[in-house]
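Enquirer: Following this line is target_29.cif, made up of mmCIF, C-alpha atoms and all ligand atoms:
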```cif
data_upload
loop_
_atom_site.label_atom_id
_atom_site.label_comp_id
_atom_site.auth_asym_id
_atom_site.auth_seq_id
_atom_site.Cartn_x
_atom_site.Cartn_y
_atom_site.Cartn_z
CA MET A 1 153.54 30.46 150.41
CA ALA A 2 152.41 34.06 150.16
CA GLU A 3 153.36 34.74 153.79
CA ASP A 4 157.08 34.35 153.12
CA PHE A 5 157.20 37.35 150.83
CA SER A 6 156.52 41.02 151.03
CA VAL A 7 153.38 42.51 149.52
CA PRO A 8 153.59 44.56 146.31
CA TRP A 9 152.51 47.78 147.98
CA ALA A 10 155.20 47.51 150.70
CA PRO A 11 158.24 46.20 148.83
CA GLY A 12 160.79 47.27 151.46
CA VAL A 13 159.11 45.25 154.22
CA ARG A 14 160.05 41.59 154.69
CA VAL A 15 157.47 39.38 156.41
CA LEU A 16 158.63 38.17 159.82
CA TYR A 17 155.39 36.89 161.38
CA GLY A 18 152.60 36.27 158.92
CA GLN A 19 148.89 36.30 159.60
CA ALA A 20 148.71 32.62 160.51
CA ALA A 21 151.63 32.86 162.97
CA LEU A 22 150.13 35.95 164.59
CA ALA A 23 146.70 34.37 164.91
CA THR A 24 148.14 31.23 166.49
CA ARG A 25 150.24 33.15 169.00
CA VAL A 26 147.46 35.59 169.92
CA ALA A 27 145.11 32.65 170.52
CA GLU A 28 147.71 31.07 172.84
CA LEU A 29 148.16 34.32 174.79
CA GLY A 30 144.38 34.69 175.04
CA SER A 31 144.01 31.17 176.42
CA ARG A 32 146.70 31.75 179.04
CA ILE A 33 145.16 35.04 180.13
CA THR A 34 141.72 33.41 180.24
CA ALA A 35 143.03 30.67 182.53
CA ASP A 36 144.97 33.09 184.75
CA TYR A 37 142.13 35.60 185.17
CA ALA A 38 139.14 33.27 185.51
CA GLY A 39 136.95 34.58 188.32
CA ARG A 40 138.86 37.87 188.61
CA ALA A 41 138.06 41.38 187.44
CA LEU A 42 140.10 42.16 184.33
CA THR A 43 140.73 45.50 182.66
CA VAL A 44 142.83 45.41 179.49
CA LEU A 45 144.69 48.67 178.92
CA CYS A 46 145.89 49.13 175.36
CA VAL A 47 148.83 51.44 174.71
CA LEU A 48 148.10 53.44 171.57
CA LYS A 49 148.73 53.38 168.77
CA GLY A 50 151.04 50.47 168.11
CA ALA A 51 149.23 47.88 170.21
CA SER A 52 145.78 48.67 168.82
CA LEU A 53 145.52 45.88 166.25
CA PHE A 54 147.12 43.33 168.56
CA THR A 55 144.73 44.30 171.36
CA ALA A 56 141.71 44.06 169.08
CA ASP A 57 142.62 40.46 168.33
CA LEU A 58 143.79 39.61 171.85
CA VAL A 59 140.62 40.69 173.64
CA ARG A 60 138.59 38.51 171.30
CA ALA A 61 140.80 35.59 172.28
CA ILE A 62 140.08 36.13 176.00
CA ALA A 63 136.93 34.23 177.00
CA LEU A 64 136.10 36.34 180.06
CA PRO A 65 134.10 39.48 180.81
CA LEU A 66 136.56 42.37 180.73
CA ARG A 67 136.84 46.14 180.43
CA LEU A 68 138.86 47.63 177.60
CA GLU A 69 140.65 50.95 178.00
CA PHE A 70 143.08 52.86 175.81
CA LEU A 71 145.92 55.14 176.73
CA GLY A 72 148.36 57.17 174.64
CA VAL A 73 152.03 57.62 175.49
CA ALA A 74 154.67 59.41 173.49
CA SER A 75 157.64 57.13 173.14
CA TYR A 76 161.12 57.79 171.65
CA GLY A 77 160.86 61.17 172.62
CA SER A 78 149.43 46.56 180.15
CA VAL A 79 149.19 45.66 176.53
CA GLU A 80 152.20 46.94 174.66
CA ASP A 81 153.25 46.49 171.07
CA ILE A 82 157.01 46.26 171.51
CA VAL A 83 159.11 46.40 174.65
CA ASP A 84 162.44 47.80 173.55
CA THR A 85 164.44 49.71 176.17
CA GLY A 86 161.61 49.15 178.66
CA LEU A 87 161.36 52.87 179.49
CA THR A 88 157.77 53.18 178.28
CA LEU A 89 156.61 50.15 180.23
CA ARG A 90 158.45 51.20 183.40
CA PHE A 91 156.82 54.64 183.20
CA LEU A 92 153.37 53.11 182.68
CA LEU A 93 153.72 50.63 185.53
CA GLN A 94 154.78 53.37 187.94
CA ALA A 95 151.87 55.57 186.85
CA LEU A 96 149.33 52.76 187.28
CA VAL A 97 150.59 51.81 190.73
CA ALA A 98 150.62 55.49 191.76
CA ARG A 99 146.95 55.66 190.73
CA GLY A 100 146.04 52.75 192.97
CA CYS A 101 146.17 49.67 190.74
CA ARG A 102 146.73 46.73 193.05
CA SER A 103 147.80 44.25 190.40
CA VAL A 104 149.22 44.95 186.96
CA ARG A 105 150.46 42.38 184.50
CA THR A 106 152.08 43.21 181.21
CA CYS A 107 151.54 41.70 177.81
CA ALA A 108 153.59 42.56 174.72
CA LEU A 109 153.34 41.09 171.28
CA LEU A 110 157.05 41.66 170.71
CA ASP A 111 159.99 41.82 173.07
CA LYS A 112 163.49 43.03 172.15
CA PRO A 113 165.46 42.05 175.28
CA SER A 114 168.82 42.99 173.74
CA ARG A 115 167.84 46.66 173.88
CA ARG A 116 166.67 46.72 177.49
CA VAL A 117 167.94 49.48 179.80
CA GLU A 118 165.10 49.17 182.37
CA ALA A 119 164.55 45.82 184.09
CA VAL A 120 160.85 45.29 183.43
CA THR A 121 159.03 42.00 183.49
CA VAL A 122 156.79 41.12 180.58
CA ASP A 123 154.30 38.58 181.90
CA TYR A 124 152.89 37.55 178.53
CA THR A 125 155.15 37.79 175.48
CA GLY A 126 154.17 36.98 171.92
CA PHE A 127 157.57 36.78 170.26
CA VAL A 128 161.12 37.56 171.36
CA VAL A 129 162.79 39.42 168.50
CA GLU A 130 166.24 40.59 167.49
CA ASP A 131 167.12 44.25 167.26
CA ARG A 132 165.45 45.04 163.93
CA PHE A 133 162.99 47.80 163.14
CA LEU A 134 159.58 46.20 162.76
CA VAL A 135 156.41 47.50 161.16
CA GLY A 136 152.91 46.25 160.48
CA TYR A 137 150.04 44.85 162.56
CA GLY A 138 149.77 48.23 164.28
CA LEU A 139 153.45 49.20 164.21
CA ASP A 140 154.46 52.18 162.13
CA HIS A 141 157.37 53.92 160.53
CA GLU A 142 156.50 57.61 160.34
CA GLU A 143 152.81 56.67 160.69
CA ARG A 144 152.83 54.28 157.72
CA TRP A 145 152.53 50.49 157.56
CA ARG A 146 150.25 50.04 160.56
CA ASN A 147 147.71 48.33 158.31
CA LEU A 148 150.02 45.60 157.05
CA PRO A 149 148.37 42.34 158.15
CA PHE A 150 151.74 40.89 159.21
CA VAL A 151 154.74 41.98 161.30
CA GLY A 152 157.65 42.71 159.01
CA VAL A 153 161.21 43.98 159.07
CA LEU A 154 161.63 47.39 157.50
CA GLU A 155 164.63 46.72 155.26
CA ARG A 156 164.41 49.93 153.28
CA SER A 157 161.97 52.79 153.35
CA PRO A 158 160.10 52.85 150.02
P1 LIG A 201 160.78 51.45 174.85
O1 LIG A 201 160.27 52.52 175.77
O2 LIG A 201 160.59 50.06 175.38
O3 LIG A 201 162.18 51.72 174.40
O4 LIG A 201 159.98 51.62 173.50
C1 LIG A 201 158.86 50.93 173.17
C2 LIG A 201 158.18 51.66 172.07
O5 LIG A 201 159.12 52.05 171.04
C3 LIG A 201 157.18 50.80 171.37
O6 LIG A 201 155.93 50.91 172.00
C4 LIG A 201 157.17 51.37 169.96
O7 LIG A 201 156.32 52.49 169.89
C5 LIG A 201 158.59 51.85 169.76
N1 LIG A 201 159.42 50.83 169.08
C6 LIG A 201 160.44 50.14 169.60
N2 LIG A 201 160.95 49.28 168.69
C7 LIG A 201 160.19 49.44 167.58
C8 LIG A 201 160.19 48.80 166.28
O8 LIG A 201 160.97 47.90 165.95
N3 LIG A 201 159.24 49.23 165.40
C9 LIG A 201 158.34 50.20 165.70
N4 LIG A 201 157.47 50.52 164.75
N5 LIG A 201 158.30 50.81 166.91
C10 LIG A 201 159.22 50.44 167.84
#
```
Would you encode the structure as structure tokens?

Expert:
Amino acid sequence: MAEDFSVPWAPGVRVLYGQAALATRVAELGSRITADYAGRALTVLCVLKGASLFTADLVRAIALPLRLEFLGVASYGSVEDIVDTGLTLRFLLQALVARGCRSVRTCALLDKPSRRVEAVTVDYTGFVVEDRFLVGYGLDHEERWRNLPFVGVLERSP
């Protein structure tokens, strides 16, 4: 199965979640969000850049009228890509509440609970992952690999 292996142009990246696994999980998250938000006003806020590809797929899996917004945050220095320490998500939640949002739920494709330093709740999680550096499907390493169609572990930097 092609999904078990890396692609020739990214030899240092091992596939963790292939296209089929991602599509299945995103469809499940979309169905849950559709059920939970039926009859309510929904704005999806995508955190750039890492969550961009995930969000593009997720919003198409939500069968409701919604608004789509984008927001940039500088990390290491909601729809999230990865929740790691939780600092980014905590900051975002506080900022949204301070600006008058009455209800905020969080959705992350990937959650690394072992790295958490801030106690944040992720309401919709795609996959719980170990402490590995992941790339692809929007996630980068030094701005590369966002266009890999799968989520992979960066084993060595080519
Ligand atoms: P936190 O504030 O939760 O520590 O950091 C979350 C952010 O760190 C993510 O949105 C992402 O930008 C970055 N990050 C954390 N872990 C990884 C990873 O494994 N791969 C990549 N590409 N980015 C990560």

Enquirer: Go ahead and compute the interatomic distance for atom CA of Pro149 of chain A and atom CA of Val15 of chain A, in Å to one decimal.

Expert: 9.7 Å

Enquirer: With only C-alpha atoms as the counted atoms, please give the residues lying no more than 7 Å from Cys107 of chain A, apart from itself and same-chain residues fewer than 6 positions off, as a PyMOL selection string.

Expert: chain A and resi 78-80+122-125

Enquirer: Can you list, as a PDB file with C-alpha atoms, in the frame of the given file, every protein, DNA or RNA residue that comes within 12 Å of Arg102 of chain A when you count only C-alpha atoms, leaving out same-chain residues fewer than 6 positions away?

Expert:
```pdb
ATOM      1  CA  ALA A  41     138.060  41.380 187.440  1.00  0.00           C
ATOM      2  CA  LEU A  42     140.100  42.160 184.330  1.00  0.00           C
ATOM      3  CA  LEU A  93     153.720  50.630 185.530  1.00  0.00           C
ATOM      4  CA  GLN A  94     154.780  53.370 187.940  1.00  0.00           C
ATOM      5  CA  ALA A  95     151.870  55.570 186.850  1.00  0.00           C
ATOM      6  CA  LEU A  96     149.330  52.760 187.280  1.00  0.00           C
TER       7      LEU A  96
END
```

Enquirer: Using atom CA of Pro113 of chain A and atom CA of Glu69 of chain A as the two end points, give the distance in Å to one decimal.

Expert: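 So the answer is 26.5 Å.
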
Enquirer: Within 10 Å of ligand LIG 201 (chain A), counting all atoms listed in the file: which residues, as JSON, numbers by chain?

Expert: {"A": [47, 48, 49, 50, 51, 73, 74, 75, 76, 77, 79, 80, 81, 82, 83, 84, 85, 86, 87, 88, 89, 90, 91, 92, 108, 110, 111, 112, 113, 115, 116, 117, 118, 120, 129, 130, 131, 132, 133, 134, 135, 136, 137, 138, 139, 140, 141, 142, 143, 144, 145, 146, 151, 152, 153, 154]}

Enquirer: Mind pulling up the distance from atom CA of Asn147 of chain A to atom CA of Leu58 of chain A?

Expert: 16.6 Å

Enquirer: Taking all atoms listed in the file into account, which of A:Ala10, A:Val104, A:Leu45, A:Ala61 comes nearest Glu28 of chain A?

Expert: A:Ala61

Enquirer: Rank A:Ser6, A:Thr55, A:Thr34, A:Thr43 by their smallest atom-to-atom distance to Leu109 of chain A, using only C-alpha atoms, and report the top residue only.

Expert: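 The answer is A:Thr55, which sits nearest to Leu109 of chain A.
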
Enquirer: Select, from A:Ile62, A:Val26, A:Ala56, A:Ala21, the residue with the minimum atom-to-atom distance to Ala38 of chain A, counting only C-alpha atoms.

Expert: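 Ranked by minimum distance to Ala38 of chain A, first place goes to A:Ile62.
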
Enquirer: Give me, as a ChimeraX atom specification, all polymer residues having an atom no more than 10 Å from Ala63 of chain A, counting all atoms listed in the file and skipping those fewer than 6 positions away in the same chain.

Expert: /A:30-31,33-35,37-38
